[in-house]
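Visitor: First, the structure itself, so that you have it in front of you.
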Amino acid sequence: MEEIEKIDQIELLRKAFETFNEATVKLQNSYNQLQEEAERLRKEIEKKNVELKEKTELLDAVMMNATSAIIVTDNNNNIILKNNSASRLLESSSKSFQEKLFGIKNPSVLVIEENEKYYNVSLGKFTLSNKNGYIYIIDDITNIKEIEKEQRRNENLKLMGEMAAGIAHDIRNPLGSIEIFATLLRRDLEGDREKENLLNSIIKGVKTINNTISNILLFTKDIRLNKKNVYIADIVDDVILFMKHLMNDKKIVFQNRIGDNDQIYCDIELIKQVVMNIIHNAIDAVPQGGKITIYSEETSTNSSIFIEDNGPGISPNFIDKIFLPFHSKKAKGTGLGLSIVYKIIKAHNGNIYPISKPGQTIFKITLPKEVK
Ligand SMILES: Nc1ncnc2c1ncn2[C@@H]1O[C@H](COP(=O)(O)OP(=O)(O)OP(=O)(O)O)[C@@H](O)[C@H]1O
Ligand SMILES: [Mg+2]
């Protein structure tokens with residue numbers, strides 16, 4: 001009997017061991033799994049930390065190097081954070097500018113002006129668990145303001161131009177009649193030197209006004225070209241007929257070295273206006289008895305006209321402004337002549353540039369030949 005009990009106990013013990021062993025294996029497995037999980041989590045945190053560091057660095061770099069000035073303040077206007085642009089702005093700006101800036105407390109976008117500079121300020125609020133405050137983003141918009149001003153100026157100029165074009169048309173008709181009558185009268189009075197001279201002055205005056213009007217009209221309207229191959233000599237002859245009186249007054253020596261067969265592919269009326277404006281300037285520039293020369297040159301692709309005078313030359317600091325409208329050094333100049341010259345030459349896909357030194361100015365006009 002005792003023997004049987006012993007055997008049962010051993011069996012129970014064996015079973016208990018077996019169960020214990022099984023539990024140990026399970027525990028070991030679970031422990032291993034837990035360890036693997038812990039390792040995976042550690043690696044994930046490490047990766048997240050690297051990502052966070054990279055993102056923080058990127059955010060810092062973006063913030064510090066942004067062209068906009070960024071300033072973060074607490075509720076008492078203490079600066080908590082600012083970027084490089086903000087440091088520069090705060091160093092260079094006045095106290096009153098900063099008072100104005102930090103006086104803005106309602107989220108909005110506004111413009112502050114200081115020392116002819118304009119700043120766009122956009123304000124935002126932030127709230128964190130332990131602090132809140134303001135974010136100021138400030139942009140220098142002086143350039144945009146300048147462009148806006150320029151646009152307004154151009155609109156005004158355009159309106160003025162349209163008005164001037166209307167007036168110019170009205171003046172031109174009676175002017176034409178005056179010129180015709182004066183020319184007829186001069187014919188009748190041939191022989192009476194004094195009266196002939198008076199009429200010459202009238203005709204000269206009328207021609208000058210006419211030329212100014214042509215310039216104003218060309219300035220305001222779009223250029224349409226009617227291009228043909230024309231003889232340069234025809235252009236020059238017409239212009240000289242028009243300018244003869246002005247040249248005679250100053251006893252100018254005019255040398256026309258254009259060959260009879262030299263041609264140029266252009267709108268003849270517009271290039272006459274170009275040559276006229278340049279010769280007009282040359283007449284103004286040369287002294288009494290001065291010299292003006294015109295000649296041409298040809299390559300396989302281009303034709304060029306040169307107009308040279310022995311006036312004082314154009315000063316180096318003014319030469320790059322001469323083609324801009326309303327840049328004149330003359331008491332009675334409108335400063336339109338060369339801007340129209342430029343407009344016409346560019347419409348022809350051509351080029352014009354001055355070559356000038358004391359005692360000499362040459363304007364070189366180059367137009368492309370007809371492509372056949
Ligand atoms: N041949 C030249 N020699 C010296 N200066 C010149 C010559 N041509 C032009 N300039 C300078 O360039 C300026 C601009 O010329 P532009 O023809 O555009 O205007 P303007 O002659 O003053 O006036 P406008 O032609 O409208 O009557 C002139 O005022 C003058 O100072
Ligand atoms: Mg001129």
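Residues in the structure tokens are numbered from 1 in each chain, the chains being A, B, ... in the order shown, and ligands are numbered from 1 in the order shown.
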Kindly work out which residues sit at most 9 Å from ligand 1, using only C-alpha atoms and all ligand atoms, and give the list as a ChimeraX atom specification.

Guide: /A:211-212,215-216,277-286,307-315,318-319,321-341,354,356,359-363

Visitor: Please return as a ChimeraX atom specification: the residues of region 23-169 of chain A that backbone DSSP assigns to alpha helix (DSSP H).

Guide: /A:23-65,84-92,95-103,142-169

Visitor: Counting only C-alpha atoms and all ligand atoms, which of A:Met247, A:Met276, A:Gly166, A:Val236 gets nearest to ligand 2?

Guide: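 Among A:Met247, A:Met276, A:Gly166, A:Val236, it is A:Met276 that comes nearest to ligand 2.
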
Visitor: Residues near Phe102 (chain A), anyone? I mean within 12 Å using only C-alpha atoms, not counting same-chain ones fewer than 5 positions away, as a ChimeraX atom specification.

Guide: /A:71-79,90,95-97,107,112,121-123,133-138

Visitor: Looking only at strand (DSSP E or B) from DSSP on the backbone, list the matching residues of region 117-345 of chain A as a compact mmCIF listing (two decimals) with all heavy atoms, in the first residue's frame.

Guide:
# COMPACT_ATOMS: atom_id res chain seq x y z
N LYS A 117 11.54 103.41 -46.85
CA LYS A 117 11.45 101.96 -47.03
C LYS A 117 10.09 101.50 -46.53
O LYS A 117 9.56 102.07 -45.58
CB LYS A 117 12.55 101.25 -46.25
CG LYS A 117 13.90 101.38 -46.92
CD LYS A 117 14.87 100.37 -46.36
CE LYS A 117 15.82 99.92 -47.44
NZ LYS A 117 16.13 98.53 -47.42
N TYR A 118 9.56 100.47 -47.19
CA TYR A 118 8.24 99.96 -46.80
C TYR A 118 8.36 98.52 -46.32
O TYR A 118 9.07 97.72 -46.95
CB TYR A 118 7.29 100.02 -48.00
CG TYR A 118 6.98 101.42 -48.45
CD1 TYR A 118 7.80 102.07 -49.36
CD2 TYR A 118 5.89 102.11 -47.93
CE1 TYR A 118 7.55 103.36 -49.77
CE2 TYR A 118 5.62 103.41 -48.33
CZ TYR A 118 6.45 104.03 -49.25
OH TYR A 118 6.19 105.31 -49.64
N TYR A 119 7.69 98.23 -45.20
CA TYR A 119 7.73 96.87 -44.66
C TYR A 119 6.32 96.32 -44.53
O TYR A 119 5.44 97.01 -44.03
CB TYR A 119 8.40 96.86 -43.29
CG TYR A 119 9.84 97.27 -43.34
CD1 TYR A 119 10.20 98.61 -43.14
CD2 TYR A 119 10.84 96.36 -43.62
CE1 TYR A 119 11.51 99.02 -43.20
CE2 TYR A 119 12.16 96.75 -43.68
CZ TYR A 119 12.49 98.08 -43.48
OH TYR A 119 13.79 98.47 -43.56
N ASN A 120 6.17 95.10 -44.98
CA ASN A 120 4.90 94.40 -44.81
C ASN A 120 5.02 93.56 -43.53
O ASN A 120 5.95 92.78 -43.39
CB ASN A 120 4.70 93.50 -46.03
CG ASN A 120 3.32 92.97 -46.06
OD1 ASN A 120 2.41 93.71 -46.40
ND2 ASN A 120 3.16 91.73 -45.67
N VAL A 121 4.10 93.78 -42.59
CA VAL A 121 4.17 93.03 -41.33
C VAL A 121 2.95 92.12 -41.24
O VAL A 121 1.82 92.61 -41.33
CB VAL A 121 4.16 93.99 -40.12
CG1 VAL A 121 4.28 93.19 -38.82
CG2 VAL A 121 5.27 95.01 -40.23
N SER A 122 3.18 90.82 -41.08
CA SER A 122 2.01 89.97 -40.80
C SER A 122 2.21 89.38 -39.40
O SER A 122 3.29 88.93 -39.05
CB SER A 122 1.80 88.90 -41.85
OG SER A 122 3.02 88.35 -42.22
N LEU A 123 1.15 89.46 -38.62
CA LEU A 123 1.24 89.07 -37.21
C LEU A 123 0.35 87.87 -36.94
O LEU A 123 -0.79 87.81 -37.38
CB LEU A 123 0.79 90.26 -36.34
CG LEU A 123 0.77 89.99 -34.85
CD1 LEU A 123 2.18 89.95 -34.30
CD2 LEU A 123 -0.05 91.03 -34.12
N GLY A 124 0.92 86.91 -36.21
CA GLY A 124 0.11 85.75 -35.79
C GLY A 124 0.28 85.54 -34.30
O GLY A 124 1.26 86.01 -33.71
N LYS A 125 -0.68 84.87 -33.67
CA LYS A 125 -0.58 84.57 -32.25
C LYS A 125 -0.27 83.09 -32.08
O LYS A 125 -0.66 82.29 -32.93
CB LYS A 125 -1.91 84.87 -31.57
CG LYS A 125 -2.07 86.31 -31.15
CD LYS A 125 -3.34 86.44 -30.33
CE LYS A 125 -3.46 87.84 -29.78
NZ LYS A 125 -4.67 88.00 -29.00
N PHE A 126 0.43 82.73 -30.99
CA PHE A 126 0.59 81.29 -30.74
C PHE A 126 0.31 80.99 -29.26
O PHE A 126 0.48 81.85 -28.40
CB PHE A 126 1.99 80.83 -31.14
CG PHE A 126 3.07 81.26 -30.19
CD1 PHE A 126 3.43 80.45 -29.12
CD2 PHE A 126 3.70 82.47 -30.36
CE1 PHE A 126 4.41 80.86 -28.23
CE2 PHE A 126 4.69 82.88 -29.48
CZ PHE A 126 5.04 82.08 -28.42
N THR A 127 -0.17 79.78 -29.01
CA THR A 127 -0.42 79.37 -27.63
C THR A 127 0.16 77.98 -27.44
O THR A 127 -0.15 77.06 -28.20
CB THR A 127 -1.95 79.29 -27.36
OG1 THR A 127 -2.52 80.50 -27.83
CG2 THR A 127 -2.24 79.12 -25.89
N ASN A 132 2.45 81.72 -24.25
CA ASN A 132 1.86 82.20 -25.50
C ASN A 132 2.44 83.54 -25.87
O ASN A 132 3.11 84.18 -25.05
CB ASN A 132 0.32 82.22 -25.43
CG ASN A 132 -0.17 82.84 -24.16
OD1 ASN A 132 0.52 83.67 -23.58
ND2 ASN A 132 -1.33 82.42 -23.70
N GLY A 133 2.22 83.94 -27.09
CA GLY A 133 2.82 85.19 -27.54
C GLY A 133 2.51 85.47 -29.00
O GLY A 133 1.49 85.03 -29.52
N TYR A 134 3.46 86.21 -29.67
CA TYR A 134 3.20 86.68 -31.03
C TYR A 134 4.32 86.28 -31.99
O TYR A 134 5.48 86.18 -31.59
CB TYR A 134 3.08 88.21 -31.04
CG TYR A 134 1.95 88.71 -30.18
CD1 TYR A 134 2.19 89.10 -28.86
CD2 TYR A 134 0.66 88.81 -30.69
CE1 TYR A 134 1.16 89.56 -28.06
CE2 TYR A 134 -0.37 89.26 -29.90
CZ TYR A 134 -0.13 89.64 -28.59
OH TYR A 134 -1.15 90.08 -27.81
N ILE A 135 3.95 86.09 -33.24
CA ILE A 135 4.95 85.84 -34.28
C ILE A 135 4.84 86.98 -35.29
O ILE A 135 3.77 87.20 -35.88
CB ILE A 135 4.68 84.52 -35.03
CG1 ILE A 135 4.50 83.37 -34.04
CG2 ILE A 135 5.79 84.21 -36.02
CD1 ILE A 135 3.74 82.21 -34.63
N TYR A 136 5.94 87.71 -35.49
CA TYR A 136 5.97 88.81 -36.46
C TYR A 136 6.77 88.36 -37.67
O TYR A 136 7.92 87.94 -37.53
CB TYR A 136 6.65 90.05 -35.87
CG TYR A 136 5.93 90.66 -34.71
CD1 TYR A 136 6.12 90.17 -33.41
CD2 TYR A 136 5.06 91.73 -34.90
CE1 TYR A 136 5.45 90.73 -32.34
CE2 TYR A 136 4.39 92.29 -33.82
CZ TYR A 136 4.58 91.79 -32.55
OH TYR A 136 3.91 92.34 -31.50
N ILE A 137 6.17 88.47 -38.85
CA ILE A 137 6.93 88.18 -40.09
C ILE A 137 6.98 89.48 -40.88
O ILE A 137 5.93 90.05 -41.23
CB ILE A 137 6.29 87.05 -40.89
CG1 ILE A 137 6.26 85.78 -40.01
CG2 ILE A 137 7.06 86.79 -42.18
CD1 ILE A 137 5.61 84.60 -40.65
N ILE A 138 8.21 89.98 -41.11
CA ILE A 138 8.36 91.31 -41.70
C ILE A 138 9.12 91.20 -43.02
O ILE A 138 10.21 90.62 -43.08
CB ILE A 138 9.14 92.24 -40.74
CG1 ILE A 138 8.48 92.21 -39.36
CG2 ILE A 138 9.19 93.68 -41.26
CD1 ILE A 138 9.46 92.02 -38.25
N ASP A 139 8.54 91.76 -44.07
CA ASP A 139 9.18 91.72 -45.40
C ASP A 139 9.43 93.13 -45.90
O ASP A 139 8.55 93.98 -45.80
CB ASP A 139 8.27 91.00 -46.40
CG ASP A 139 8.26 89.52 -46.16
OD1 ASP A 139 9.33 88.92 -46.30
OD2 ASP A 139 7.20 88.99 -45.80
N ASP A 140 10.62 93.33 -46.47
CA ASP A 140 10.92 94.62 -47.10
C ASP A 140 10.25 94.63 -48.48
O ASP A 140 10.62 93.85 -49.35
CB ASP A 140 12.45 94.75 -47.23
CG ASP A 140 12.85 96.10 -47.78
OD1 ASP A 140 11.98 96.78 -48.36
OD2 ASP A 140 14.03 96.47 -47.63
N LYS A 228 10.54 98.38 -97.25
CA LYS A 228 10.94 98.16 -98.65
C LYS A 228 12.44 98.40 -98.75
O LYS A 228 13.03 99.02 -97.85
CB LYS A 228 10.25 99.21 -99.55
CG LYS A 228 8.76 99.02 -99.71
CD LYS A 228 8.25 99.97 -100.81
CE LYS A 228 6.77 99.76 -101.01
NZ LYS A 228 5.94 100.62 -100.17
N ASN A 229 13.06 97.97 -99.86
CA ASN A 229 14.45 98.37 -100.09
C ASN A 229 14.44 99.76 -100.68
O ASN A 229 13.81 100.00 -101.71
CB ASN A 229 15.12 97.39 -101.06
CG ASN A 229 15.54 96.14 -100.33
OD1 ASN A 229 16.18 96.21 -99.28
ND2 ASN A 229 15.17 94.98 -100.86
N VAL A 230 15.09 100.71 -100.01
CA VAL A 230 15.07 102.10 -100.51
C VAL A 230 16.49 102.63 -100.60
O VAL A 230 17.40 102.14 -99.93
CB VAL A 230 14.22 103.03 -99.59
CG1 VAL A 230 12.78 102.59 -99.56
CG2 VAL A 230 14.78 103.06 -98.17
N TYR A 231 16.66 103.66 -101.46
CA TYR A 231 17.98 104.30 -101.57
C TYR A 231 18.20 105.22 -100.38
O TYR A 231 17.34 106.06 -100.07
CB TYR A 231 18.08 105.09 -102.87
CG TYR A 231 18.15 104.20 -104.08
CD1 TYR A 231 17.08 104.10 -104.97
CD2 TYR A 231 19.30 103.43 -104.31
CE1 TYR A 231 17.15 103.24 -106.07
CE2 TYR A 231 19.37 102.57 -105.42
CZ TYR A 231 18.30 102.48 -106.28
OH TYR A 231 18.36 101.64 -107.34
N VAL A 253 28.90 122.78 -92.47
CA VAL A 253 29.38 122.06 -93.65
C VAL A 253 28.80 120.65 -93.58
O VAL A 253 29.10 119.91 -92.64
CB VAL A 253 30.92 121.99 -93.67
CG1 VAL A 253 31.41 121.24 -94.89
CG2 VAL A 253 31.52 123.39 -93.58
N PHE A 254 27.96 120.32 -94.57
CA PHE A 254 27.34 118.99 -94.55
C PHE A 254 27.98 118.11 -95.60
O PHE A 254 27.95 118.43 -96.79
CB PHE A 254 25.83 119.11 -94.78
CG PHE A 254 25.14 117.79 -94.72
CD1 PHE A 254 24.94 117.16 -93.50
CD2 PHE A 254 24.71 117.15 -95.87
CE1 PHE A 254 24.31 115.92 -93.43
CE2 PHE A 254 24.08 115.91 -95.81
CZ PHE A 254 23.89 115.30 -94.59
N GLN A 255 28.59 117.03 -95.18
CA GLN A 255 29.24 116.12 -96.14
C GLN A 255 28.37 114.89 -96.33
O GLN A 255 28.16 114.13 -95.38
CB GLN A 255 30.60 115.70 -95.60
CG GLN A 255 31.65 116.76 -95.75
CD GLN A 255 33.04 116.18 -95.53
OE1 GLN A 255 33.21 115.22 -94.78
NE2 GLN A 255 34.02 116.76 -96.19
N ASN A 256 27.86 114.73 -97.54
CA ASN A 256 27.02 113.56 -97.82
C ASN A 256 27.86 112.54 -98.60
O ASN A 256 28.14 112.72 -99.77
CB ASN A 256 25.80 114.03 -98.65
CG ASN A 256 24.85 112.90 -98.91
OD1 ASN A 256 25.13 111.74 -98.60
ND2 ASN A 256 23.70 113.23 -99.47
N GLN A 263 21.66 101.00 -100.49
CA GLN A 263 20.25 100.78 -100.12
C GLN A 263 20.11 100.31 -98.67
O GLN A 263 21.07 99.83 -98.07
CB GLN A 263 19.65 99.72 -101.04
CG GLN A 263 19.44 100.23 -102.45
CD GLN A 263 18.46 99.35 -103.21
OE1 GLN A 263 18.33 98.18 -102.93
NE2 GLN A 263 17.77 99.93 -104.18
N ILE A 264 18.88 100.46 -98.18
CA ILE A 264 18.58 99.97 -96.84
C ILE A 264 17.15 99.43 -96.85
O ILE A 264 16.29 99.97 -97.57
CB ILE A 264 18.81 101.08 -95.79
CG1 ILE A 264 18.88 100.51 -94.39
CG2 ILE A 264 17.77 102.19 -95.86
CD1 ILE A 264 19.62 101.41 -93.41
N TYR A 265 16.92 98.37 -96.09
CA TYR A 265 15.58 97.74 -96.06
C TYR A 265 14.83 98.29 -94.84
O TYR A 265 15.16 97.97 -93.70
CB TYR A 265 15.76 96.23 -95.97
CG TYR A 265 14.48 95.45 -95.97
CD1 TYR A 265 13.58 95.55 -97.02
CD2 TYR A 265 14.17 94.59 -94.90
CE1 TYR A 265 12.40 94.82 -97.01
CE2 TYR A 265 13.00 93.86 -94.90
CZ TYR A 265 12.11 93.98 -95.95
OH TYR A 265 10.95 93.26 -95.95
N CYS A 266 13.86 99.18 -95.10
CA CYS A 266 13.23 99.86 -93.97
C CYS A 266 11.89 100.50 -94.35
O CYS A 266 11.51 100.51 -95.51
CB CYS A 266 14.15 100.97 -93.46
SG CYS A 266 14.33 102.32 -94.64
N LYS A 291 30.80 120.74 -88.57
CA LYS A 291 30.75 119.79 -89.67
C LYS A 291 29.90 118.57 -89.31
O LYS A 291 30.01 118.03 -88.21
CB LYS A 291 32.18 119.34 -90.00
CG LYS A 291 32.32 118.70 -91.36
CD LYS A 291 33.77 118.67 -91.76
CE LYS A 291 34.31 117.27 -91.58
NZ LYS A 291 35.70 117.12 -91.96
N ILE A 292 29.04 118.18 -90.26
CA ILE A 292 28.25 116.95 -90.07
C ILE A 292 28.48 116.06 -91.29
O ILE A 292 28.43 116.53 -92.42
CB ILE A 292 26.74 117.28 -89.94
CG1 ILE A 292 26.49 118.17 -88.72
CG2 ILE A 292 25.91 115.99 -89.82
CD1 ILE A 292 25.06 118.67 -88.59
N THR A 293 28.77 114.80 -91.03
CA THR A 293 29.04 113.87 -92.14
C THR A 293 28.12 112.67 -92.04
O THR A 293 27.87 112.17 -90.94
CB THR A 293 30.51 113.38 -92.07
OG1 THR A 293 31.34 114.53 -91.90
CG2 THR A 293 30.92 112.65 -93.33
N ILE A 294 27.65 112.22 -93.19
CA ILE A 294 26.83 111.00 -93.20
C ILE A 294 27.43 110.01 -94.20
O ILE A 294 27.83 110.39 -95.29
CB ILE A 294 25.34 111.34 -93.49
CG1 ILE A 294 24.46 110.10 -93.34
CG2 ILE A 294 25.13 111.98 -94.85
CD1 ILE A 294 22.98 110.42 -93.18
N TYR A 295 27.56 108.75 -93.79
CA TYR A 295 28.08 107.74 -94.69
C TYR A 295 27.47 106.38 -94.35
O TYR A 295 26.79 106.26 -93.32
CB TYR A 295 29.62 107.69 -94.66
CG TYR A 295 30.24 107.64 -93.29
CD1 TYR A 295 30.65 106.43 -92.74
CD2 TYR A 295 30.43 108.80 -92.55
CE1 TYR A 295 31.24 106.38 -91.48
CE2 TYR A 295 31.00 108.76 -91.29
CZ TYR A 295 31.40 107.56 -90.76
OH TYR A 295 31.96 107.52 -89.50
N SER A 296 27.72 105.41 -95.21
CA SER A 296 27.09 104.11 -94.95
C SER A 296 28.07 102.97 -95.17
O SER A 296 29.18 103.17 -95.69
CB SER A 296 25.87 103.93 -95.85
OG SER A 296 26.27 103.86 -97.18
N GLU A 297 27.65 101.80 -94.77
CA GLU A 297 28.51 100.61 -94.85
C GLU A 297 27.59 99.41 -95.02
O GLU A 297 26.45 99.44 -94.56
CB GLU A 297 29.24 100.51 -93.51
CG GLU A 297 30.40 99.56 -93.47
CD GLU A 297 30.98 99.55 -92.05
OE1 GLU A 297 30.46 98.78 -91.22
OE2 GLU A 297 31.92 100.32 -91.79
N GLU A 298 28.09 98.38 -95.65
CA GLU A 298 27.22 97.24 -95.93
C GLU A 298 27.96 95.93 -95.64
O GLU A 298 29.14 95.81 -95.95
CB GLU A 298 26.83 97.29 -97.41
CG GLU A 298 25.49 96.71 -97.70
CD GLU A 298 25.17 96.84 -99.19
OE1 GLU A 298 25.33 97.95 -99.75
OE2 GLU A 298 24.80 95.82 -99.76
N ASN A 302 23.74 93.07 -93.14
CA ASN A 302 23.27 94.34 -92.57
C ASN A 302 23.64 95.55 -93.43
O ASN A 302 24.61 95.52 -94.17
CB ASN A 302 23.94 94.59 -91.21
CG ASN A 302 23.54 93.58 -90.19
OD1 ASN A 302 22.37 93.26 -90.07
ND2 ASN A 302 24.51 93.06 -89.48
N SER A 303 22.86 96.62 -93.25
CA SER A 303 23.25 97.93 -93.78
C SER A 303 23.37 98.89 -92.61
O SER A 303 22.52 98.86 -91.71
CB SER A 303 22.18 98.48 -94.72
OG SER A 303 21.82 97.51 -95.67
N SER A 304 24.41 99.71 -92.63
CA SER A 304 24.58 100.68 -91.54
C SER A 304 24.67 102.09 -92.07
O SER A 304 25.19 102.33 -93.16
CB SER A 304 25.87 100.39 -90.77
OG SER A 304 25.80 99.11 -90.20
N ILE A 305 24.12 103.03 -91.29
CA ILE A 305 24.26 104.46 -91.60
C ILE A 305 24.99 105.10 -90.42
O ILE A 305 24.66 104.82 -89.26
CB ILE A 305 22.88 105.14 -91.78
CG1 ILE A 305 22.08 104.46 -92.89
CG2 ILE A 305 23.04 106.63 -92.05
CD1 ILE A 305 20.65 105.04 -93.07
N PHE A 306 26.00 105.93 -90.74
CA PHE A 306 26.75 106.64 -89.69
C PHE A 306 26.47 108.13 -89.83
O PHE A 306 26.52 108.67 -90.94
CB PHE A 306 28.25 106.43 -89.86
CG PHE A 306 28.70 105.00 -89.75
CD1 PHE A 306 28.54 104.11 -90.81
CD2 PHE A 306 29.30 104.54 -88.58
CE1 PHE A 306 28.96 102.79 -90.71
CE2 PHE A 306 29.72 103.23 -88.47
CZ PHE A 306 29.55 102.35 -89.53
N ILE A 307 26.17 108.78 -88.71
CA ILE A 307 26.00 110.24 -88.72
C ILE A 307 26.99 110.80 -87.70
O ILE A 307 26.93 110.47 -86.51
CB ILE A 307 24.55 110.64 -88.38
CG1 ILE A 307 23.60 110.06 -89.45
CG2 ILE A 307 24.41 112.17 -88.31
CD1 ILE A 307 22.15 110.03 -89.09
N GLU A 308 27.92 111.61 -88.23
CA GLU A 308 29.04 112.06 -87.38
C GLU A 308 29.02 113.58 -87.27
O GLU A 308 28.71 114.28 -88.24
CB GLU A 308 30.33 111.60 -88.08
CG GLU A 308 31.58 111.96 -87.32
CD GLU A 308 32.84 111.47 -88.05
OE1 GLU A 308 32.78 110.45 -88.79
OE2 GLU A 308 33.88 112.14 -87.89
N ASP A 309 29.31 114.10 -86.08
CA ASP A 309 29.42 115.57 -85.95
C ASP A 309 30.65 115.92 -85.12
O ASP A 309 31.18 115.07 -84.40
CB ASP A 309 28.14 116.15 -85.34
CG ASP A 309 27.97 115.82 -83.88
OD1 ASP A 309 28.79 116.26 -83.05
OD2 ASP A 309 27.01 115.07 -83.54

Visitor: Could you tell me how far CA of Met243 (chain A) lies from CA of Asp320 (chain A), in Å and to one decimal?

Guide: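 We find that CA of Met243 (chain A) and CA of Asp320 (chain A) lie 26.9 Å from each other.
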
Visitor: When distances are computed from only C-alpha atoms and all ligand atoms, which of A:Asn351, A:Thr208, A:Asn317, A:Ser87 shows the smallest separation from ligand 2?

Guide: A:Thr208
